[in-house]
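Containing mmCIF, C-alpha atoms: entry-v6.cif.
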```cif
data_data
#
loop_
_atom_site.label_atom_id
_atom_site.label_comp_id
_atom_site.auth_asym_id
_atom_site.auth_seq_id
_atom_site.Cartn_x
_atom_site.Cartn_y
_atom_site.Cartn_z
CA MET A 8 2.59 17.86 8.42
CA SER A 9 -0.77 19.54 8.84
CA ASP A 10 -1.17 23.26 9.40
CA GLU A 11 -3.42 22.62 12.43
CA GLY A 12 -0.42 21.65 14.57
CA TYR A 13 -2.05 18.59 16.15
CA GLU A 14 1.20 16.65 15.78
CA MET A 15 3.24 18.98 17.99
CA ASN A 16 0.86 18.50 20.90
CA TYR A 17 1.45 14.75 20.90
CA ILE A 18 5.19 15.14 20.35
CA ARG A 19 5.44 17.50 23.33
CA GLU A 20 3.49 14.98 25.39
CA ALA A 21 6.08 12.31 24.53
CA PHE A 22 8.95 14.56 25.59
CA ASP A 23 7.17 15.77 28.72
CA SER A 24 6.51 12.17 29.79
CA ASN A 25 10.08 11.17 28.83
CA TRP A 26 8.77 8.36 26.62
CA ILE A 27 10.89 8.66 23.47
CA ALA A 28 11.54 4.96 22.80
CA PRO A 29 9.27 2.54 20.89
CA LEU A 30 6.93 2.46 23.88
CA GLY A 31 4.49 4.92 25.36
CA ARG A 32 1.02 6.36 25.22
CA ASN A 33 1.25 7.68 21.66
CA VAL A 34 2.08 4.20 20.31
CA ASN A 35 -0.80 2.60 22.21
CA GLU A 36 -3.29 5.32 21.29
CA PHE A 37 -2.26 5.49 17.63
CA GLU A 38 -2.92 1.75 17.36
CA LYS A 39 -6.32 2.09 19.03
CA GLU A 40 -7.36 5.18 17.07
CA LEU A 41 -6.50 3.70 13.69
CA ALA A 42 -8.08 0.34 14.54
CA ASN A 43 -11.27 2.10 15.67
CA MET A 44 -11.35 4.24 12.55
CA VAL A 45 -11.19 1.32 10.12
CA GLY A 46 -13.26 -1.02 12.32
CA ILE A 47 -10.75 -3.73 13.20
CA LYS A 48 -9.97 -5.35 16.55
CA SER A 49 -6.20 -4.89 16.84
CA ALA A 50 -3.18 -3.12 15.38
CA ALA A 51 0.60 -3.07 15.79
CA ALA A 52 2.51 0.16 15.06
CA LEU A 53 5.77 -0.73 13.35
CA SER A 54 8.83 0.98 11.89
CA THR A 55 7.76 0.60 8.24
CA GLY A 56 5.04 -0.84 6.06
CA THR A 57 7.63 -3.33 4.81
CA ALA A 58 8.12 -4.54 8.39
CA ALA A 59 4.34 -4.95 8.65
CA ILE A 60 4.27 -7.18 5.56
CA HIS A 61 7.18 -9.19 6.97
CA MET A 62 5.37 -9.70 10.27
CA ALA A 63 2.14 -10.63 8.45
CA LEU A 64 4.01 -13.36 6.58
CA LYS A 65 5.49 -14.68 9.83
CA ALA A 66 2.07 -14.60 11.47
CA ALA A 67 0.72 -16.56 8.50
CA GLY A 68 3.34 -19.23 9.18
CA VAL A 69 5.40 -18.61 6.04
CA ARG A 70 8.75 -20.39 6.26
CA GLU A 71 11.68 -21.31 4.05
CA GLY A 72 10.60 -22.87 0.76
CA ASP A 73 6.91 -21.94 1.11
CA ILE A 74 5.06 -20.52 -1.90
CA VAL A 75 3.55 -17.01 -1.63
CA PHE A 76 1.34 -15.62 -4.40
CA CYS A 77 2.06 -11.89 -4.78
CA GLN A 78 0.65 -9.18 -7.03
CA SER A 79 3.24 -8.31 -9.66
CA LEU A 80 2.23 -4.69 -10.31
CA THR A 81 3.49 -3.08 -7.11
CA PHE A 82 6.52 -1.57 -5.40
CA SER A 83 9.29 -3.98 -4.39
CA ALA A 84 8.50 -3.51 -0.68
CA THR A 85 5.50 -5.82 -1.20
CA ALA A 86 7.62 -8.71 -2.44
CA ASN A 87 10.92 -8.27 -0.58
CA PRO A 88 9.67 -9.67 2.77
CA ILE A 89 8.85 -12.96 1.03
CA ILE A 90 12.58 -13.31 0.40
CA TYR A 91 13.37 -12.28 3.99
CA GLU A 92 11.64 -15.50 5.08
CA LYS A 93 13.40 -17.49 2.31
CA ALA A 94 10.02 -18.25 0.77
CA VAL A 95 9.30 -18.39 -2.97
CA PRO A 96 7.23 -15.64 -4.64
CA VAL A 97 4.92 -16.41 -7.54
CA PHE A 98 3.79 -13.22 -9.25
CA ILE A 99 0.17 -12.73 -10.28
CA ASP A 100 -0.99 -10.45 -13.10
CA SER A 101 -3.42 -7.52 -12.86
CA ASP A 102 -6.63 -6.71 -14.72
CA TYR A 103 -7.66 -3.45 -16.38
CA GLU A 104 -10.83 -3.22 -14.28
CA THR A 105 -8.89 -2.52 -11.07
CA TRP A 106 -5.16 -2.40 -12.04
CA ASN A 107 -4.79 -4.87 -9.18
CA MET A 108 -4.59 -8.65 -8.84
CA SER A 109 -6.65 -10.42 -11.48
CA PRO A 110 -9.01 -12.96 -9.87
CA SER A 111 -8.85 -15.11 -13.01
CA ALA A 112 -5.02 -15.12 -12.96
CA LEU A 113 -5.11 -15.95 -9.23
CA GLN A 114 -7.49 -18.87 -9.90
CA LYS A 115 -5.16 -20.16 -12.64
CA ALA A 116 -2.18 -19.91 -10.28
CA PHE A 117 -3.98 -21.96 -7.62
CA GLU A 118 -4.95 -24.59 -10.19
CA LYS A 119 -1.41 -24.74 -11.57
CA TYR A 120 0.21 -25.17 -8.17
CA ARG A 121 -2.43 -27.67 -7.05
CA ARG A 122 -1.40 -29.84 -9.99
CA LEU A 123 2.21 -29.45 -8.84
CA GLY A 124 1.23 -30.44 -5.31
CA LYS A 125 2.40 -27.07 -3.92
CA LYS A 126 -0.26 -25.20 -2.01
CA PRO A 127 0.74 -21.56 -1.31
CA LYS A 128 0.98 -20.41 2.29
CA ALA A 129 -0.29 -16.87 1.65
CA VAL A 130 -1.56 -14.42 -0.96
CA ILE A 131 -0.50 -10.75 -0.97
CA VAL A 132 -2.92 -8.47 -2.81
CA VAL A 133 -2.17 -4.75 -3.29
CA HIS A 134 -4.53 -1.76 -3.49
CA LEU A 135 -2.44 0.16 -5.98
CA TYR A 136 -2.47 3.98 -5.92
CA GLY A 137 -5.53 3.84 -3.65
CA LEU A 138 -7.55 1.65 -6.07
CA SER A 139 -9.28 -1.27 -4.41
CA ALA A 140 -8.74 -4.78 -5.73
CA ASN A 141 -11.78 -6.97 -6.41
CA MET A 142 -11.82 -8.30 -2.87
CA ASP A 143 -14.99 -10.41 -3.05
CA LYS A 144 -13.62 -12.65 -5.78
CA ILE A 145 -10.08 -12.75 -4.36
CA SER A 146 -11.34 -13.54 -0.85
CA GLU A 147 -13.61 -16.26 -2.24
CA ILE A 148 -10.67 -17.95 -3.98
CA CYS A 149 -8.43 -17.74 -0.90
CA ASN A 150 -11.23 -19.12 1.30
CA GLU A 151 -11.80 -21.98 -1.14
CA TYR A 152 -8.15 -23.00 -0.83
CA ASP A 153 -7.89 -22.08 2.88
CA VAL A 154 -4.95 -19.72 2.32
CA THR A 155 -4.11 -16.60 4.35
CA LEU A 156 -4.92 -13.33 2.56
CA ILE A 157 -2.71 -10.30 3.26
CA GLU A 158 -3.78 -6.87 1.99
CA ASP A 159 -1.01 -4.42 1.15
CA ALA A 160 -3.04 -1.26 1.74
CA ALA A 161 0.07 0.92 2.02
CA GLU A 162 -1.31 3.32 -0.61
CA SER A 163 -5.02 3.01 0.18
CA LEU A 164 -5.65 4.20 3.74
CA GLY A 165 -9.22 5.55 3.66
CA THR A 166 -10.25 3.71 0.49
CA LEU A 167 -13.59 1.92 0.76
CA TYR A 168 -14.55 -1.37 -0.88
CA LYS A 169 -18.32 -1.90 -0.70
CA GLY A 170 -18.42 0.20 2.46
CA ARG A 171 -15.47 -1.52 4.17
CA TYR A 172 -12.00 -0.04 4.50
CA THR A 173 -9.27 -1.72 2.49
CA GLY A 174 -6.93 -3.56 4.82
CA THR A 175 -9.81 -4.95 6.91
CA ILE A 176 -11.14 -7.56 4.48
CA GLY A 177 -8.35 -10.15 4.41
CA ASP A 178 -6.71 -11.90 7.37
CA TYR A 179 -4.13 -9.12 7.75
CA GLY A 180 -3.90 -5.55 6.48
CA VAL A 181 -0.85 -3.34 6.08
CA PHE A 182 -0.63 0.46 6.06
CA SER A 183 2.38 2.67 5.40
CA PHE A 184 3.11 6.11 6.84
CA ASN A 185 6.18 6.82 4.72
CA GLY A 186 6.79 10.46 3.82
CA ASN A 187 4.96 10.18 0.49
CA LYS A 188 1.78 8.55 1.80
CA ILE A 189 -1.59 10.23 2.36
CA ILE A 190 -0.68 10.69 6.03
CA THR A 191 2.83 10.25 7.36
CA THR A 192 4.82 9.60 10.50
CA SER A 193 8.00 10.38 8.51
CA GLY A 194 8.57 6.63 8.41
CA GLY A 195 6.34 3.94 9.82
CA GLY A 196 3.70 1.30 9.23
CA MET A 197 0.83 -0.56 10.84
CA LEU A 198 -0.30 -4.18 10.78
CA ILE A 199 -3.99 -4.70 11.51
CA SER A 200 -6.13 -7.78 12.02
CA ASP A 201 -9.12 -9.20 13.86
CA LYS A 202 -6.71 -11.94 14.99
CA GLU A 203 -5.81 -10.29 18.31
CA GLU A 204 -3.58 -13.14 19.46
CA SER A 205 -1.55 -12.93 16.25
CA ILE A 206 -1.12 -9.15 16.58
CA ASN A 207 0.09 -9.61 20.18
CA LYS A 208 2.62 -12.15 18.88
CA VAL A 209 3.76 -9.64 16.24
CA LYS A 210 4.34 -7.03 18.94
CA PHE A 211 6.47 -9.59 20.78
CA TRP A 212 8.54 -10.42 17.69
CA ALA A 213 8.88 -6.73 16.79
CA THR A 214 10.29 -5.91 20.24
CA GLN A 215 13.29 -8.26 19.85
CA SER A 216 11.24 -11.25 21.09
CA ARG A 217 12.18 -10.45 24.66
CA ASP A 218 10.74 -13.08 26.99
CA PRO A 219 8.87 -11.95 30.14
CA ALA A 220 11.84 -12.82 32.37
CA ARG A 221 13.71 -10.74 34.94
CA HIS A 222 16.90 -11.10 32.92
CA TYR A 223 17.32 -10.57 29.16
CA GLN A 224 16.13 -13.83 27.62
CA HIS A 225 15.19 -14.59 24.02
CA SER A 226 13.64 -17.90 23.00
CA GLU A 227 12.76 -16.77 19.46
CA LEU A 228 14.38 -14.64 16.77
CA GLY A 229 13.39 -11.03 17.31
CA PHE A 230 13.20 -7.87 15.22
CA ASN A 231 13.64 -4.18 16.04
CA TYR A 232 10.45 -3.17 14.27
CA ARG A 233 8.37 -1.12 16.73
CA MET A 234 7.39 2.49 16.00
CA SER A 235 8.80 5.18 18.28
CA ASN A 236 6.55 7.16 20.60
CA ILE A 237 7.57 10.38 18.81
CA LEU A 238 6.57 9.12 15.37
CA ALA A 239 3.35 7.67 16.73
CA GLY A 240 2.54 11.16 18.03
CA ILE A 241 2.94 12.53 14.52
CA GLY A 242 0.65 9.76 13.28
CA ARG A 243 -2.06 10.61 15.80
CA GLY A 244 -2.05 14.22 14.65
CA GLN A 245 -2.05 13.25 10.98
CA LEU A 246 -4.93 10.82 11.48
CA MET A 247 -7.08 13.76 12.54
CA ILE A 248 -6.78 15.35 9.10
CA LEU A 249 -6.95 12.15 7.01
CA ASN A 250 -10.43 12.89 5.65
CA LYS A 251 -9.34 16.37 4.62
CA ARG A 252 -6.39 14.86 2.71
CA ILE A 253 -8.62 12.31 1.00
CA GLU A 254 -11.06 15.04 -0.03
CA LYS A 255 -8.23 17.00 -1.66
CA LYS A 256 -6.80 13.91 -3.38
CA ARG A 257 -10.20 13.16 -4.89
CA TYR A 258 -10.55 16.78 -5.98
CA ILE A 259 -7.21 16.56 -7.80
CA PHE A 260 -8.26 13.37 -9.59
CA GLU A 261 -11.58 14.87 -10.70
CA TYR A 262 -9.81 18.04 -11.87
CA TYR A 263 -7.45 16.04 -14.08
CA LYS A 264 -10.34 13.91 -15.33
CA LYS A 265 -12.37 16.97 -16.32
CA MET A 266 -9.50 18.83 -17.98
CA LEU A 267 -8.01 15.86 -19.86
CA LYS A 268 -11.26 14.17 -20.98
CA ASP A 269 -11.00 15.45 -24.55
CA MET A 270 -7.34 14.50 -25.04
CA GLU A 271 -7.01 11.68 -27.57
CA GLY A 272 -5.73 8.43 -26.09
CA VAL A 273 -5.91 9.52 -22.42
CA HIS A 274 -7.57 7.10 -20.02
CA MET A 275 -7.85 7.85 -16.30
CA MET A 276 -7.17 5.08 -13.78
CA PRO A 277 -10.32 3.00 -13.22
CA MET A 278 -13.00 4.01 -10.73
CA ASN A 279 -15.56 1.31 -9.93
CA ASN A 280 -19.00 1.88 -8.45
CA TRP A 281 -18.28 -0.68 -5.70
CA SER A 282 -15.21 1.22 -4.52
CA LYS A 283 -14.42 4.72 -3.26
CA SER A 284 -10.73 5.41 -3.74
CA ASN A 285 -8.59 7.77 -1.67
CA CYS A 286 -6.98 8.74 -5.05
CA TRP A 287 -3.51 8.68 -3.46
CA LEU A 288 -2.04 9.29 -6.92
CA SER A 289 -3.87 10.38 -10.06
CA CYS A 290 -2.66 8.15 -12.87
CA ILE A 291 -3.43 7.85 -16.56
CA LEU A 292 -2.88 5.44 -19.44
CA LEU A 293 -1.78 6.79 -22.82
CA ARG A 294 -2.84 4.98 -25.99
CA GLY A 295 -2.07 7.38 -28.79
CA LYS A 296 0.69 9.54 -30.19
CA VAL A 297 1.70 10.93 -26.79
CA LYS A 298 3.69 8.50 -24.64
CA PRO A 299 4.36 8.46 -20.87
CA LEU A 300 7.96 9.57 -21.30
CA ASP A 301 6.79 12.58 -23.36
CA ILE A 302 4.76 13.82 -20.39
CA ILE A 303 7.47 13.04 -17.84
CA LEU A 304 10.13 14.95 -19.82
CA ALA A 305 7.86 17.90 -20.63
CA LEU A 306 6.95 18.40 -16.98
CA GLU A 307 10.54 17.85 -15.91
CA LYS A 308 11.63 20.85 -18.01
CA SER A 309 9.42 23.00 -15.78
CA ASN A 310 10.71 21.34 -12.60
CA ILE A 311 7.46 19.38 -12.13
CA GLU A 312 7.83 15.77 -11.10
CA SER A 313 5.76 12.94 -12.52
CA ARG A 314 6.62 9.25 -12.51
CA PRO A 315 6.12 6.02 -14.43
CA ILE A 316 3.76 3.35 -13.13
CA TRP A 317 5.50 0.76 -10.94
CA LYS A 318 7.54 -1.70 -13.00
CA PRO A 319 6.04 -5.16 -12.35
CA MET A 320 8.01 -7.45 -10.08
CA HIS A 321 8.27 -10.26 -12.62
CA MET A 322 10.13 -7.80 -14.91
CA GLN A 323 12.63 -6.78 -12.21
CA PRO A 324 16.19 -8.15 -12.54
CA PHE A 325 16.13 -9.52 -9.00
CA PHE A 326 12.80 -11.34 -9.39
CA GLU A 327 12.84 -12.30 -13.07
CA GLY A 328 13.70 -15.93 -12.28
CA TYR A 329 10.45 -16.49 -10.38
CA ASP A 330 7.18 -17.73 -11.85
CA PHE A 331 4.56 -15.36 -13.25
CA VAL A 332 0.93 -16.21 -13.98
CA GLY A 333 -1.01 -13.93 -16.28
CA ALA A 334 -1.50 -12.42 -19.71
CA GLY A 335 0.82 -9.41 -19.54
CA VAL A 336 -1.76 -6.83 -18.43
CA SER A 337 0.55 -5.48 -15.72
CA GLU A 338 3.29 -4.98 -18.32
CA MET A 339 0.93 -2.98 -20.54
CA ILE A 340 -0.19 -0.78 -17.63
CA PHE A 341 3.47 -0.14 -16.82
CA GLU A 342 4.32 0.71 -20.43
CA GLU A 343 1.28 2.94 -21.00
CA GLY A 344 0.93 4.60 -17.58
CA VAL A 345 2.16 7.73 -15.85
CA CYS A 346 1.55 9.11 -12.34
CA LEU A 347 0.65 12.80 -12.44
CA PRO A 348 1.57 15.33 -9.72
CA SER A 349 -0.94 14.74 -6.91
CA ASP A 350 0.31 16.50 -3.79
CA THR A 351 -2.42 17.85 -1.52
CA LYS A 352 -0.63 21.22 -1.37
CA MET A 353 -1.26 21.75 -5.09
CA THR A 354 -3.43 24.76 -5.88
CA ASP A 355 -5.71 25.16 -8.91
CA GLU A 356 -2.95 27.31 -10.37
CA ASP A 357 -0.48 24.44 -9.96
CA LEU A 358 -2.93 22.01 -11.54
CA ASN A 359 -3.66 24.33 -14.47
CA ARG A 360 0.04 24.86 -15.08
CA THR A 361 0.62 21.09 -15.12
CA ILE A 362 -2.36 20.45 -17.40
CA SER A 363 -1.31 23.23 -19.77
CA ILE A 364 2.12 21.64 -20.24
CA ILE A 365 0.53 18.24 -20.87
CA LYS A 366 -1.98 19.60 -23.40
CA GLU A 367 0.80 21.27 -25.39
CA LEU A 368 1.99 17.80 -26.38
CA TRP A 369 -1.16 17.36 -28.48
CA SER A 370 -0.76 20.63 -30.37
#
```
Represent the structure of the file as structure tokens.
Amino acid sequence: MSDEGYEMNYIREAFDSNWIAPLGRNVNEFEKELANMVGIKSAAALSTGTAAIHMALKAAGVREGDIVFCQSLTFSATANPIIYEKAVPVFIDSDYETWNMSPSALQKAFEKYRRLGKKPKAVIVVHLYGLSANMDKISEICNEYDVTLIEDAAESLGTLYKGRYTGTIGDYGVFSFNGNKIITTSGGGMLISDKEESINKVKFWATQSRDPARHYQHSELGFNYRMSNILAGIGRGQLMILNKRIEKKRYIFEYYKKMLKDMEGVHMMPMNNWSKSNCWLSCILLRGKVKPLDIILALEKSNIESRPIWKPMHMQPFFEGYDFVGAGVSEMIFEEGVCLPSDTKMTDEDLNRTISIIKELWS
């Protein structure tokens, strides 16, 4: 929570107005404020980013047995909603240029499934760690095949791709406000789209699909997915300091880049001139004598947390039976990568202490 205290003002407003439930002014205003910020027509505040992906799939018409192409290098929350709808995930490899969905692997997947006579219903691309995917090429492929494109921008709120915010380029965009994200509502998510009618339908589904009848009537399956007015108040306050958070995240990345540039085998996560990342996490690849686990264990001894790169979905026990299209790039990023401490509360002293421990591994 920010030190400015904006959040408490909105929370008090919710209590004073007696709107605590998943309804109220904070919910409505949070949707409007975020949509206005990123330049999109409509938004639905939901309980989690996972719920937002689920609702995006439903809005795209995904049903039992449908094929969904999904980036493999991601957190399981991206892929799990495909299973919720009893659809079939096909996992797509990444490239080193972006760490995200490889356009060439996506093209191969479309060609493969065209030969099989199985056109996918949707594509889920991820903007991993705040890094933008190559959206021009991916959008072009999805448009060619007339397939819905869903952007999992859970980690990339504030990231720009050629001047446009990630999440606004595909048919649907998803943000997460989980406790570890760049801004948080404690738990929560947002689905955004220029398809206003679809977002209104999502709000209906997410409020238990309650028909506009005097009595309680439900003609469709509903979900309890709406964000509470309290949490939306937190989100409104956090949104006011988003740019400050992004500035600090970028500072942390540049600090690591400067201090680790002479370390043999260290490669920072890719920054492209057509993208401006929010640098949600500062990550590196290690291609030398020092391995990711060496850094993780060394920092752990000093009670400093670092983490491996996400384990690709096609390598997960639950998903290993599903198809994968690619050349193993996502596996190599997973095996060579580590996420460094990147909290916005870190001081230069904290960063120097972390870097000092890392550098000792080369001595």
The PyMOL selection byres ((chain A and resi 185) around 12) on the file shown: which residues, as a ChimeraX atom specification? /A:53-57,84,161-162,182-184,186-197,238,241-242
When distances are computed from only C-alpha atoms, which of A:Ile206, A:Ala129, A:Ile148, A:Ala86 shows the smallest separation from Lys48 of chain A?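 Checking each of A:Ile206, A:Ala129, A:Ile148, A:Ala86 against Lys48 of chain A, counting only C-alpha atoms, the winner is A:Ile206.
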When the PyMOL selection byres ((chain A and resi 154) around 10) is applied to the file above, which residues end up in the set, as a list in words? Ala67, Val75, Lys126, Pro127, Lys128, Ala129, Val130, Ser146, Ile148, Cys149, Asn150, Glu151, Tyr152, Asp153, Thr155, Leu156, Ile157 and Asp178 of chain A
Any chance you could export the current selection's C-alpha atoms as a tab-separated table (two decimals), in the coordinates of the input?
```tsv
chain	number	residue	atom	x	y	z
A	67	ALA	CA	0.72	-16.56	8.50
A	75	VAL	CA	3.55	-17.01	-1.63
A	126	LYS	CA	-0.26	-25.20	-2.01
A	127	PRO	CA	0.74	-21.56	-1.31
A	128	LYS	CA	0.98	-20.41	2.29
A	129	ALA	CA	-0.29	-16.87	1.65
A	130	VAL	CA	-1.56	-14.42	-0.96
A	146	SER	CA	-11.34	-13.54	-0.85
A	148	ILE	CA	-10.67	-17.95	-3.98
A	149	CYS	CA	-8.43	-17.74	-0.90
A	150	ASN	CA	-11.23	-19.12	1.30
A	151	GLU	CA	-11.80	-21.98	-1.14
A	152	TYR	CA	-8.15	-23.00	-0.83
A	153	ASP	CA	-7.89	-22.08	2.88
A	155	THR	CA	-4.11	-16.60	4.35
A	156	LEU	CA	-4.92	-13.33	2.56
A	157	ILE	CA	-2.71	-10.30	3.26
A	178	ASP	CA	-6.71	-11.90	7.37
```
Just give me the gap between atom CA of Gln245 of chain A and atom CA of Glu14 of chain A in Å, one decimal is fine.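 Computing the Euclidean distance for atom CA of Gln245 of chain A and atom CA of Glu14 of chain A yields 6.7 Å.
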What would the selection look like, as a list in words, if the PyMOL selection byres ((chain A and resi 213-218) around 8) were run on the coordinates I just shared?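 Here the PyMOL selection byres ((chain A and resi 213-218) around 8) matches Leu53, Met62, Val209, Lys210, Phe211, Trp212, Pro219, Ala220, Tyr223, Gln224, His225, Ser226, Glu227, Leu228, Gly229, Phe230, Asn231, Tyr232 and Arg233 of chain A.
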